[in-house]
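S.K.: This is the content of protein_10.txt (compact mmCIF, C-alpha atoms and all ligand atoms):
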# COMPACT_ATOMS: atom_id res chain seq x y z
CA MET I 866 -11.70 4.41 21.23
CA ILE I 867 -10.23 7.77 20.24
CA VAL I 868 -9.01 10.39 22.71
CA VAL I 869 -8.28 13.79 21.20
CA MET I 870 -6.06 16.03 23.35
CA LYS I 871 -6.48 19.83 23.37
CA SER I 872 -3.88 21.65 21.28
CA GLN I 873 -2.53 23.32 24.45
CA ALA I 874 -2.47 20.07 26.50
CA SER I 875 0.79 19.69 28.43
CA GLU I 876 3.10 16.68 28.18
CA GLU I 877 2.18 15.82 31.76
CA GLN I 878 -1.53 15.76 30.91
CA LYS I 879 -0.87 13.55 27.88
CA THR I 880 1.18 11.15 29.98
CA LYS I 881 -1.56 10.94 32.62
CA VAL I 882 -4.19 10.09 29.99
CA LYS I 883 -1.91 7.51 28.44
CA GLU I 884 -1.17 5.92 31.82
CA ARG I 885 -4.86 5.81 32.72
CA LEU I 886 -5.69 4.08 29.44
CA ILE I 887 -2.89 1.55 29.95
CA SER I 888 -4.08 0.85 33.51
CA LEU I 889 -7.53 0.13 32.07
CA GLY I 890 -5.99 -2.49 29.79
CA PHE I 891 -5.92 -0.56 26.51
CA ASP I 892 -3.18 -0.89 23.93
CA ILE I 893 -2.14 2.68 23.02
CA HIS I 894 -1.18 4.08 19.63
CA GLN I 895 -0.28 7.74 19.38
CA SER I 896 -0.77 10.10 16.44
CA THR I 897 1.10 13.37 16.80
CA GLY I 898 -0.24 15.93 14.33
CA VAL I 899 0.88 19.52 13.80
CA ASN I 900 -1.70 20.85 16.27
CA GLN I 901 -2.99 17.91 18.20
CA THR I 902 -2.11 14.61 19.79
CA ILE I 903 -4.61 11.81 19.35
CA PHE I 904 -4.57 8.48 21.19
CA GLY I 905 -6.03 5.40 19.55
CA ALA I 906 -6.91 3.05 22.44
CA ILE I 907 -7.49 -0.53 21.40
CA GLY I 908 -9.58 -2.51 23.88
CA GLU I 909 -13.13 -2.77 25.19
CA PRO I 910 -14.46 0.76 25.81
CA ASP I 911 -17.73 1.59 27.56
CA GLY I 912 -19.69 4.75 28.29
CA GLN I 913 -18.29 5.11 31.81
CA ILE I 914 -14.67 5.04 30.64
CA THR I 915 -15.49 7.60 27.94
CA GLU I 916 -17.00 9.99 30.51
CA MET I 917 -14.09 9.55 32.88
CA LEU I 918 -11.63 10.40 30.10
CA ILE I 919 -13.56 13.47 29.01
CA SER I 920 -13.30 14.77 32.58
CA MET I 921 -9.50 14.53 32.58
CA LYS I 922 -7.40 17.70 32.16
CA GLY I 923 -6.19 18.38 28.62
CA VAL I 924 -8.74 16.10 26.96
CA GLN I 925 -10.83 17.75 24.26
CA HIS I 926 -12.87 14.79 23.16
CA ALA I 927 -13.16 11.04 23.75
CA TYR I 928 -15.42 8.75 21.78
CA GLN I 929 -15.95 5.20 20.63
CA VAL I 930 -15.27 4.67 16.94
CA SER I 931 -18.18 3.23 14.99
CA VAL I 932 -16.03 1.68 12.24
CA PRO I 933 -14.11 -1.50 13.14
CA PHE I 934 -10.81 -0.02 11.99
CA LYS I 935 -9.20 2.51 14.32
CA LEU I 936 -5.58 3.24 13.39
CA ALA I 937 -6.35 3.48 9.68
CA SER I 938 -9.26 5.85 10.31
CA ARG I 939 -9.33 9.59 9.82
CA SER I 940 -10.48 9.93 13.45
CA PHE I 941 -7.11 8.62 14.63
CA GLN I 942 -5.17 10.65 12.08
CA PRO I 943 -7.01 13.44 10.26
CA GLU I 944 -4.01 14.30 8.03
CA ARG I 945 -3.26 12.01 5.13
CA THR I 946 -0.18 9.83 5.57
CA VAL I 947 2.84 10.63 3.43
CA ILE I 948 5.40 7.83 3.09
CA GLU I 949 8.96 8.69 2.15
CA LEU I 950 10.84 6.19 0.05
CA PRO I 951 14.53 5.76 -0.77
CA GLY I 952 15.40 7.49 -4.05
CA GLY I 953 13.38 10.58 -3.13
CA GLY I 954 9.88 9.26 -3.83
CA ARG I 955 7.04 10.36 -1.58
CA ILE I 956 3.52 9.00 -1.72
CA GLY I 957 0.21 10.14 -0.23
CA GLY I 958 -1.36 13.46 0.72
CA ASP I 959 -0.67 16.20 -1.81
CA GLU I 960 2.45 14.54 -3.16
CA ALA I 961 3.08 13.94 -6.85
CA LEU I 962 1.63 10.88 -8.53
CA LEU I 963 4.08 8.07 -7.70
CA VAL I 964 4.56 5.23 -10.16
CA MET I 965 5.95 1.76 -9.43
CA ALA I 966 6.85 -0.23 -12.54
CA GLY I 967 8.81 -3.20 -13.79
CA PRO I 968 8.31 -6.80 -14.85
CA CYS I 969 5.91 -9.21 -13.19
CA SER I 970 8.84 -11.52 -12.36
CA ILE I 971 12.57 -10.96 -12.13
CA GLU I 972 13.90 -13.30 -14.83
CA SER I 973 17.53 -12.32 -15.40
CA HIS I 974 20.10 -9.65 -14.54
CA GLU I 975 20.11 -8.26 -18.05
CA GLY I 976 16.31 -8.21 -18.40
CA LEU I 977 15.72 -6.48 -15.09
CA PHE I 978 18.40 -3.86 -15.76
CA GLU I 979 16.84 -3.12 -19.13
CA ALA I 980 13.42 -2.74 -17.52
CA ALA I 981 14.84 -0.58 -14.71
CA ARG I 982 16.51 1.78 -17.17
CA ALA I 983 13.28 2.14 -19.15
CA VAL I 984 11.03 2.81 -16.17
CA LYS I 985 13.51 5.23 -14.62
CA ASP I 986 13.78 7.19 -17.89
CA ALA I 987 10.01 7.44 -18.06
CA GLY I 988 9.74 8.85 -14.51
CA ALA I 989 8.90 5.87 -12.27
CA LYS I 990 10.22 6.13 -8.70
CA VAL I 991 9.90 2.47 -7.66
CA LEU I 992 11.11 -0.66 -9.45
CA ARG I 993 8.90 -3.72 -9.08
CA GLY I 994 9.72 -7.38 -9.71
CA GLY I 995 8.53 -10.62 -8.16
CA ALA I 996 11.04 -13.17 -6.84
CA PHE I 997 8.48 -15.37 -5.07
CA LYS I 998 5.52 -15.75 -7.40
CA PRO I 999 1.99 -16.81 -6.39
CA ARG I 1000 1.18 -18.86 -9.50
CA THR I 1001 -2.12 -20.63 -10.07
CA SER I 1002 -0.27 -23.75 -11.18
CA PRO I 1003 2.55 -25.33 -9.17
CA TYR I 1004 4.15 -26.24 -12.52
CA SER I 1005 4.47 -22.59 -13.64
CA PHE I 1006 7.62 -20.51 -13.04
CA GLN I 1007 7.77 -19.82 -9.30
CA GLY I 1008 10.30 -16.98 -9.37
CA MET I 1009 14.08 -16.71 -8.89
CA GLY I 1010 13.91 -16.47 -5.09
CA GLU I 1011 16.87 -14.89 -3.28
CA GLU I 1012 18.97 -14.60 -6.43
CA GLY I 1013 16.18 -12.48 -7.96
CA LEU I 1014 15.99 -10.28 -4.87
CA SER I 1015 19.69 -9.62 -5.08
CA ILE I 1016 19.36 -8.55 -8.75
CA LEU I 1017 16.46 -6.27 -7.79
CA GLN I 1018 18.50 -4.66 -5.03
CA GLU I 1019 21.43 -4.06 -7.39
CA ALA I 1020 19.17 -2.56 -10.07
CA GLY I 1021 17.49 -0.31 -7.49
CA LYS I 1022 20.87 1.01 -6.32
CA THR I 1023 22.19 1.44 -9.86
CA PHE I 1024 19.21 3.47 -11.06
CA ASP I 1025 18.40 5.17 -7.74
CA LEU I 1026 14.96 3.59 -7.58
CA ALA I 1027 13.20 2.26 -4.49
CA THR I 1028 12.23 -1.41 -4.83
CA VAL I 1029 9.13 -3.51 -4.14
CA SER I 1030 8.69 -7.28 -4.18
CA GLU I 1031 6.09 -9.73 -2.95
CA VAL I 1032 6.45 -11.76 0.21
CA MET I 1033 4.16 -14.80 0.31
CA ASP I 1034 5.03 -16.47 3.57
CA THR I 1035 5.88 -15.48 7.15
CA ARG I 1036 9.15 -17.41 6.83
CA GLN I 1037 10.25 -15.14 3.95
CA VAL I 1038 9.65 -11.76 5.61
CA ASP I 1039 13.17 -11.23 7.01
CA LEU I 1040 14.80 -12.40 3.80
CA VAL I 1041 12.73 -10.17 1.50
CA ALA I 1042 13.01 -7.21 3.92
CA ASN I 1043 16.81 -7.53 3.72
CA TYR I 1044 16.77 -6.82 0.00
CA VAL I 1045 13.82 -4.52 -0.79
CA ASP I 1046 12.41 -1.17 0.35
CA ILE I 1047 8.70 -2.07 0.20
CA LEU I 1048 7.15 -5.44 1.04
CA GLN I 1049 4.23 -6.39 -1.20
CA VAL I 1050 1.39 -8.50 0.17
CA GLY I 1051 -0.42 -9.95 -2.84
CA THR I 1052 -4.12 -10.27 -3.45
CA ARG I 1053 -4.17 -13.95 -2.47
CA ASN I 1054 -2.67 -13.16 0.92
CA MET I 1055 -4.79 -10.20 1.98
CA HIS I 1056 -6.48 -12.50 4.48
CA ASN I 1057 -3.28 -14.18 5.69
CA PHE I 1058 -3.35 -12.68 9.16
CA SER I 1059 -0.07 -14.25 10.30
CA LEU I 1060 1.69 -12.70 7.31
CA LEU I 1061 0.04 -9.31 7.94
CA LYS I 1062 1.29 -9.33 11.53
CA GLU I 1063 4.77 -10.34 10.45
CA VAL I 1064 5.12 -7.56 7.85
CA GLY I 1065 3.75 -5.25 10.53
CA LYS I 1066 6.75 -6.16 12.68
CA SER I 1067 9.23 -5.65 9.84
CA GLY I 1068 9.22 -1.85 10.05
CA LYS I 1069 9.31 -1.62 6.21
CA PRO I 1070 6.60 0.12 4.17
CA VAL I 1071 4.01 -2.41 3.02
CA LEU I 1072 2.08 -2.41 -0.26
CA LEU I 1073 -1.17 -4.18 0.55
CA LYS I 1074 -3.15 -5.38 -2.43
CA ARG I 1075 -6.90 -5.77 -2.15
CA GLY I 1076 -8.03 -9.40 -1.99
CA LEU I 1077 -9.58 -10.57 -5.23
CA ALA I 1078 -12.86 -11.10 -3.41
CA GLY I 1079 -12.22 -8.75 -0.50
CA THR I 1080 -14.70 -6.07 0.52
CA ILE I 1081 -13.38 -2.58 1.12
CA GLU I 1082 -13.85 -3.00 4.87
CA GLU I 1083 -11.98 -6.33 4.90
CA TRP I 1084 -9.16 -4.68 2.98
CA ILE I 1085 -8.89 -1.81 5.47
CA MET I 1086 -9.05 -4.32 8.34
CA ALA I 1087 -6.08 -6.12 6.77
CA ALA I 1088 -4.21 -2.78 6.87
CA GLU I 1089 -5.30 -2.45 10.50
CA TYR I 1090 -3.58 -5.78 11.26
CA ILE I 1091 -0.29 -4.38 9.93
CA MET I 1092 -0.75 -1.07 11.76
CA SER I 1093 -1.66 -2.74 15.05
CA GLU I 1094 1.92 -4.06 15.10
CA GLY I 1095 3.14 -0.45 15.09
CA ASN I 1096 3.86 -0.17 11.36
CA TYR I 1097 1.82 2.74 9.97
CA GLN I 1098 3.53 2.78 6.58
CA VAL I 1099 0.86 1.02 4.56
CA ILE I 1100 0.08 1.73 0.91
CA LEU I 1101 -3.22 0.26 -0.27
CA CYS I 1102 -3.44 -1.06 -3.84
CA GLU I 1103 -6.68 -1.61 -5.74
CA ARG I 1104 -5.77 -4.30 -8.30
CA GLY I 1105 -9.18 -5.38 -9.52
CA ILE I 1106 -11.69 -7.70 -7.97
CA ARG I 1107 -13.24 -10.88 -9.31
CA THR I 1108 -16.64 -10.30 -10.90
CA TYR I 1109 -18.87 -12.26 -13.30
CA GLU I 1110 -17.14 -10.57 -16.27
CA PRO I 1111 -14.76 -12.89 -18.16
CA TRP I 1112 -13.62 -10.41 -20.84
CA THR I 1113 -11.18 -8.74 -18.48
CA ARG I 1114 -8.92 -10.55 -16.00
CA ASN I 1115 -10.54 -8.73 -13.06
CA THR I 1116 -12.62 -5.56 -12.68
CA LEU I 1117 -10.90 -2.41 -11.37
CA ASP I 1118 -13.11 -0.99 -8.63
CA VAL I 1119 -12.44 2.66 -9.45
CA SER I 1120 -14.91 3.94 -6.88
CA ALA I 1121 -12.99 2.21 -4.08
CA ILE I 1122 -10.09 4.64 -4.56
CA PRO I 1123 -11.77 7.93 -3.43
CA LEU I 1124 -13.87 6.02 -0.90
CA VAL I 1125 -10.86 4.53 0.86
CA GLN I 1126 -9.08 7.89 0.72
CA GLU I 1127 -12.06 9.39 2.56
CA LYS I 1128 -12.32 6.64 5.19
CA THR I 1129 -8.60 6.26 5.86
CA HIS I 1130 -5.53 8.47 5.83
CA LEU I 1131 -3.44 5.93 3.88
CA PRO I 1132 -2.13 6.35 0.32
CA VAL I 1133 -4.14 4.41 -2.27
CA ILE I 1134 -2.70 3.32 -5.61
CA ALA I 1135 -4.15 1.39 -8.55
CA ASP I 1136 -2.74 -1.57 -10.46
CA PRO I 1137 -4.50 -1.56 -13.83
CA SER I 1138 -2.21 -4.32 -15.20
CA HIS I 1139 -3.64 -7.10 -13.02
CA ALA I 1140 -7.10 -5.56 -13.22
CA VAL I 1141 -7.61 -5.67 -16.98
CA GLY I 1142 -5.04 -8.27 -17.97
CA TYR I 1143 -4.56 -6.97 -21.54
CA ARG I 1144 -1.79 -4.64 -22.58
CA ASP I 1145 -3.89 -2.34 -24.77
CA LYS I 1146 -6.37 -1.60 -21.95
CA VAL I 1147 -3.81 -0.81 -19.25
CA THR I 1148 -3.24 2.84 -20.20
CA PRO I 1149 -6.94 3.82 -20.51
CA VAL I 1150 -7.69 2.25 -17.10
CA ALA I 1151 -4.59 3.89 -15.56
CA ARG I 1152 -5.93 7.24 -16.80
CA ALA I 1153 -9.24 6.56 -15.04
CA ALA I 1154 -7.47 5.73 -11.77
CA VAL I 1155 -5.48 8.96 -11.88
CA ALA I 1156 -8.64 10.90 -12.74
CA VAL I 1157 -10.37 9.68 -9.55
CA GLY I 1158 -7.36 10.73 -7.49
CA ALA I 1159 -5.18 7.64 -7.02
CA ASP I 1160 -1.95 8.53 -5.20
CA GLY I 1161 0.04 6.31 -7.51
CA LEU I 1162 0.09 3.44 -9.97
CA MET I 1163 1.70 0.03 -10.23
CA ILE I 1164 2.36 -0.99 -13.84
CA GLU I 1165 3.91 -4.13 -15.32
CA VAL I 1166 6.55 -3.25 -17.92
CA HIS I 1167 8.79 -5.74 -19.74
CA PRO I 1168 11.46 -5.14 -22.41
CA ASP I 1169 10.25 -8.23 -24.28
CA PRO I 1170 6.71 -9.04 -23.09
CA GLU I 1171 6.17 -11.74 -25.70
CA ASN I 1172 8.81 -13.84 -23.97
CA ALA I 1173 7.94 -12.91 -20.37
CA MET I 1174 7.82 -15.81 -17.92
CA SER I 1175 4.67 -14.44 -16.28
CA ASP I 1176 1.96 -11.91 -17.16
CA GLY I 1177 3.35 -11.12 -20.64
CA PRO I 1178 -0.07 -10.30 -22.16
CA GLN I 1179 -0.62 -7.44 -19.70
CA SER I 1180 2.97 -6.13 -19.67
CA LEU I 1181 3.63 -2.87 -21.49
CA TYR I 1182 6.51 -2.32 -23.89
CA PRO I 1183 8.77 0.48 -22.62
CA ASP I 1184 7.48 2.96 -25.22
CA GLN I 1185 3.89 2.24 -24.20
CA PHE I 1186 4.86 2.91 -20.60
CA GLN I 1187 6.42 6.24 -21.57
CA ASN I 1188 3.15 7.12 -23.25
CA LEU I 1189 1.16 6.10 -20.14
CA MET I 1190 3.38 8.32 -18.00
CA ASN I 1191 2.83 11.29 -20.33
CA GLU I 1192 -0.93 10.87 -20.41
CA CYS I 1193 -1.33 10.22 -16.68
CA GLY I 1194 0.99 13.13 -15.92
CA GLN I 1195 -1.24 15.44 -17.94
CA ILE I 1196 -4.34 14.28 -16.06
CA ALA I 1197 -2.60 14.77 -12.72
CA LYS I 1198 -1.61 18.28 -13.77
CA THR I 1199 -5.15 19.13 -14.86
CA LEU I 1200 -6.32 18.12 -11.39
CA GLY I 1201 -3.80 20.48 -9.80
CA ARG I 1202 -1.41 17.72 -8.77
CA GLN I 1203 2.24 17.44 -9.61
CA GLU I 1204 3.24 15.18 -12.47
CA PRO I 1205 5.31 12.08 -11.66
C1 LIG W 1301 1.95 -9.18 -8.98
O1 LIG W 1301 2.04 -8.00 -8.58
O2 LIG W 1301 2.69 -9.67 -9.85
C2 LIG W 1301 0.86 -10.01 -8.45
C3 LIG W 1301 0.95 -11.35 -8.43
O3 LIG W 1301 -0.19 -9.29 -8.04
P1 LIG W 1301 -1.62 -9.71 -7.44
O4 LIG W 1301 -1.34 -10.19 -6.06
O5 LIG W 1301 -2.40 -8.43 -7.50
O6 LIG W 1301 -2.20 -10.77 -8.34
MN MN W 1302 2.00 -10.06 -12.33
Transcribe the structure of this file into structure tokens.
Ligand code: PEP
Ligand code: MN

M.R.:
Amino acid sequence: MIVVMKSQASEEQKTKVKERLISLGFDIHQSTGVNQTIFGAIGEPDGQITEMLISMKGVQHAYQVSVPFKLASRSFQPERTVIELPGGGRIGGDEALLVMAGPCSIESHEGLFEAARAVKDAGAKVLRGGAFKPRTSPYSFQGMGEEGLSILQEAGKTFDLATVSEVMDTRQVDLVANYVDILQVGTRNMHNFSLLKEVGKSGKPVLLKRGLAGTIEEWIMAAEYIMSEGNYQVILCERGIRTYEPWTRNTLDVSAIPLVQEKTHLPVIADPSHAVGYRDKVTPVARAAVAVGADGLMIEVHPDPENAMSDGPQSLYPDQFQNLMNECGQIAKTLGRQEP
């Protein structure tokens, strides 16, 4: 349930409400806005408890939330979340379009540094690169593991870029969190509840991709898992869902972007690379995502895509990425947003 305190409520009144909720067995999460404090109380509410809370001093409103997600909802936090990243990037709310880019996999020191230089020059704020890869075949390249993470960390420091990399397993969370700024949960793991809880405990911002057959509500509930561990720094990523259409790798659900921004306060980005799967369609689809108001983009860029060890066909050449940044920047500007 949600308990909204009056703007003039005293600290003592807030403490009393909090203590009452705890004594009733609720788990309390607090959202402190500019004007108001809101408590998200996770437990089993009923009408009697609601009435009792409304009668307490300093309480403006108390109600049961009709959607199954609480902490991600706008009722818990009306203002949109802004996440600050190392390297000066900020994402969410009215912030500038934030772009994460780099190769699908980290393959070598030289290759990643070349990619990092290119994406930095074009205006990206976050360097991506997978070290643990979720490949369809166990015989495909599985990623460089810790060695790759160390290269990613060095490249991030060298080019003053924040870094993001996928974590596939609960046993890898501490290791990956030691090297990167943002933990990525991939599409295949959106329903891995143990992993969601573990990244929730890490304290690092989490990039949560939508499951390839996940509904919007299931996706937000996955974010709720992370947030229920006390980590509110969740960035949602629409990366295309599986449909009956075989001519693209997946189908970008463009309408999910403004919908999720309305239902939650979290930043929402789009990954057109994994959605379409073909290099020449990435930029047009990225433009569409920015036009509907995405807070950012994740784009695969490779200095030599023809020899990439994973996802070469959808990886942009650096000059194509520069072009994408120019075009998406113009759209952002037309919509009254800052360019990347
Ligand atoms: C990736 O980002 O390289 C990746 C594997 O993404 P997804 O989980 O969206 O397939
Ligand atoms: Mn990839």

S.K.: Using all atoms listed in the file, which residues have at least one atom no more than 8 Å from ligand MN 1302 (chain W)? Output them as number ranges by chain.

M.R.: I: 968-970, 995, 1138-1139, 1165, 1175-1176

S.K.: Counting only C-alpha atoms and all ligand atoms, which residue out of I:Ser940, I:Ser1030, I:Thr946, I:Gln1195 sits closest to ligand LIG 1301 (chain W)?

M.R.: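 Ranked by minimum distance to ligand LIG 1301 (chain W), first place goes to I:Ser1030.
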
S.K.: Restricting the calculation to all atoms listed in the file, which member of I:Lys1074, I:His1167, I:Lys985, I:Lys1146 is positioned closest to Met1190 (chain I)?

M.R.: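 Closest candidate: I:Lys985.
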
S.K.: If you count only C-alpha atoms and all ligand atoms, which residues end up within 10 Å of ligand LIG 1301 (chain W), as a VMD selection string?

M.R.: chain I and resid 966 to 970 993 to 1001 1029 to 1031 1033 1049 to 1055 1073 to 1077 1102 to 1106 1115 1136 to 1140 1163 to 1165 1175 to 1176

S.K.: Using all atoms of region 1040-1051 of chain I that appear in the file, construct an axis-aligned enclosing box with 6 Å of padding on every side and provide its centre coordinates and edge lengths in Å, rounded to one decimal, as JSON.

M.R.:
{"center_x": 8.2, "center_y": -6.8, "center_z": 0.5, "size_x": 29.2, "size_y": 23.2, "size_z": 18.8}

S.K.: Can you tell me, as a PyMOL selection string, what residues are no more than 12 Å from Gly1065 (chain I) when counting all atoms listed in the file, ignoring any on the same chain fewer than 3 positions away?

M.R.: chain I and resi 1035+1038-1039+1042+1047-1050+1058-1062+1068-1073+1087-1099

S.K.: I:Ile971, I:Val964, I:Leu992, I:Ala906: which is nearest Ser1015 (chain I), counting only C-alpha atoms?

M.R.: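 Result for the nearest residue to Ser1015 (chain I): I:Ile971.
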
S.K.: Between I:Gln925, I:Thr1028, I:Ser938, I:Thr1023, single out the one closest to Gly954 (chain I), counting all atoms listed in the file.

M.R.: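 Between I:Gln925, I:Thr1028, I:Ser938, I:Thr1023, the residue approaching Gly954 (chain I) most closely is I:Thr1028.
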
S.K.: Do you have the CA of Ser875 (chain I)-CA of Gly923 (chain I) distance handy?

M.R.: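 These two atoms are separated by 7.1 Å.
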
S.K.: Counting only C-alpha atoms, what is within 12 Å of Val947 (chain I), bar same-chain residues fewer than 5 positions away, as a list in words?

M.R.: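 With the cut-off at 12 Å, the set is Gln942, Gly954, Arg955, Ile956, Gly957, Gly958, Asp959, Glu960, Ala961, Leu963, Pro1070, Tyr1097, Gln1098, Val1099, Ile1100, His1130, Leu1131, Pro1132, Val1133 and Asp1160 of chain I.
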
S.K.: Just how far from CA of Ile1081 (chain I) is CA of Val1119 (chain I), in Å to one decimal?

M.R.: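 CA of Val1119 (chain I) sits 11.8 Å away from CA of Ile1081 (chain I).
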
S.K.: For region 1187-1200 of chain I, supply N, CA and C atoms and report the output as a CSV table (one decimal), keeping the file's coordinate frame.

M.R.:
chain,number,residue,atom,x,y,z
I,1187,GLN,N,6.1,4.8,-21.5
I,1187,GLN,CA,6.4,6.2,-21.6
I,1187,GLN,C,5.2,7.0,-21.9
I,1188,ASN,N,4.4,6.5,-22.8
I,1188,ASN,CA,3.2,7.1,-23.2
I,1188,ASN,C,2.2,7.2,-22.1
I,1189,LEU,N,2.0,6.1,-21.3
I,1189,LEU,CA,1.2,6.1,-20.1
I,1189,LEU,C,1.6,7.2,-19.2
I,1190,MET,N,2.9,7.3,-18.9
I,1190,MET,CA,3.4,8.3,-18.0
I,1190,MET,C,3.0,9.7,-18.5
I,1191,ASN,N,3.2,10.0,-19.8
I,1191,ASN,CA,2.8,11.3,-20.3
I,1191,ASN,C,1.3,11.6,-20.1
I,1192,GLU,N,0.5,10.6,-20.5
I,1192,GLU,CA,-0.9,10.9,-20.4
I,1192,GLU,C,-1.4,11.0,-19.0
I,1193,CYS,N,-0.9,10.1,-18.1
I,1193,CYS,CA,-1.3,10.2,-16.7
I,1193,CYS,C,-0.8,11.5,-16.0
I,1194,GLY,N,0.4,11.9,-16.4
I,1194,GLY,CA,1.0,13.1,-15.9
I,1194,GLY,C,0.1,14.3,-16.3
I,1195,GLN,N,-0.4,14.3,-17.5
I,1195,GLN,CA,-1.2,15.4,-17.9
I,1195,GLN,C,-2.5,15.5,-17.1
I,1196,ILE,N,-3.1,14.3,-16.8
I,1196,ILE,CA,-4.3,14.3,-16.1
I,1196,ILE,C,-4.1,14.8,-14.6
I,1197,ALA,N,-3.0,14.3,-14.1
I,1197,ALA,CA,-2.6,14.8,-12.7
I,1197,ALA,C,-2.5,16.3,-12.7
I,1198,LYS,N,-1.8,16.8,-13.7
I,1198,LYS,CA,-1.6,18.3,-13.8
I,1198,LYS,C,-2.9,19.0,-13.9
I,1199,THR,N,-3.8,18.5,-14.7
I,1199,THR,CA,-5.2,19.1,-14.9
I,1199,THR,C,-5.9,19.2,-13.5
I,1200,LEU,N,-5.6,18.2,-12.7
I,1200,LEU,CA,-6.3,18.1,-11.4
I,1200,LEU,C,-5.6,18.9,-10.3
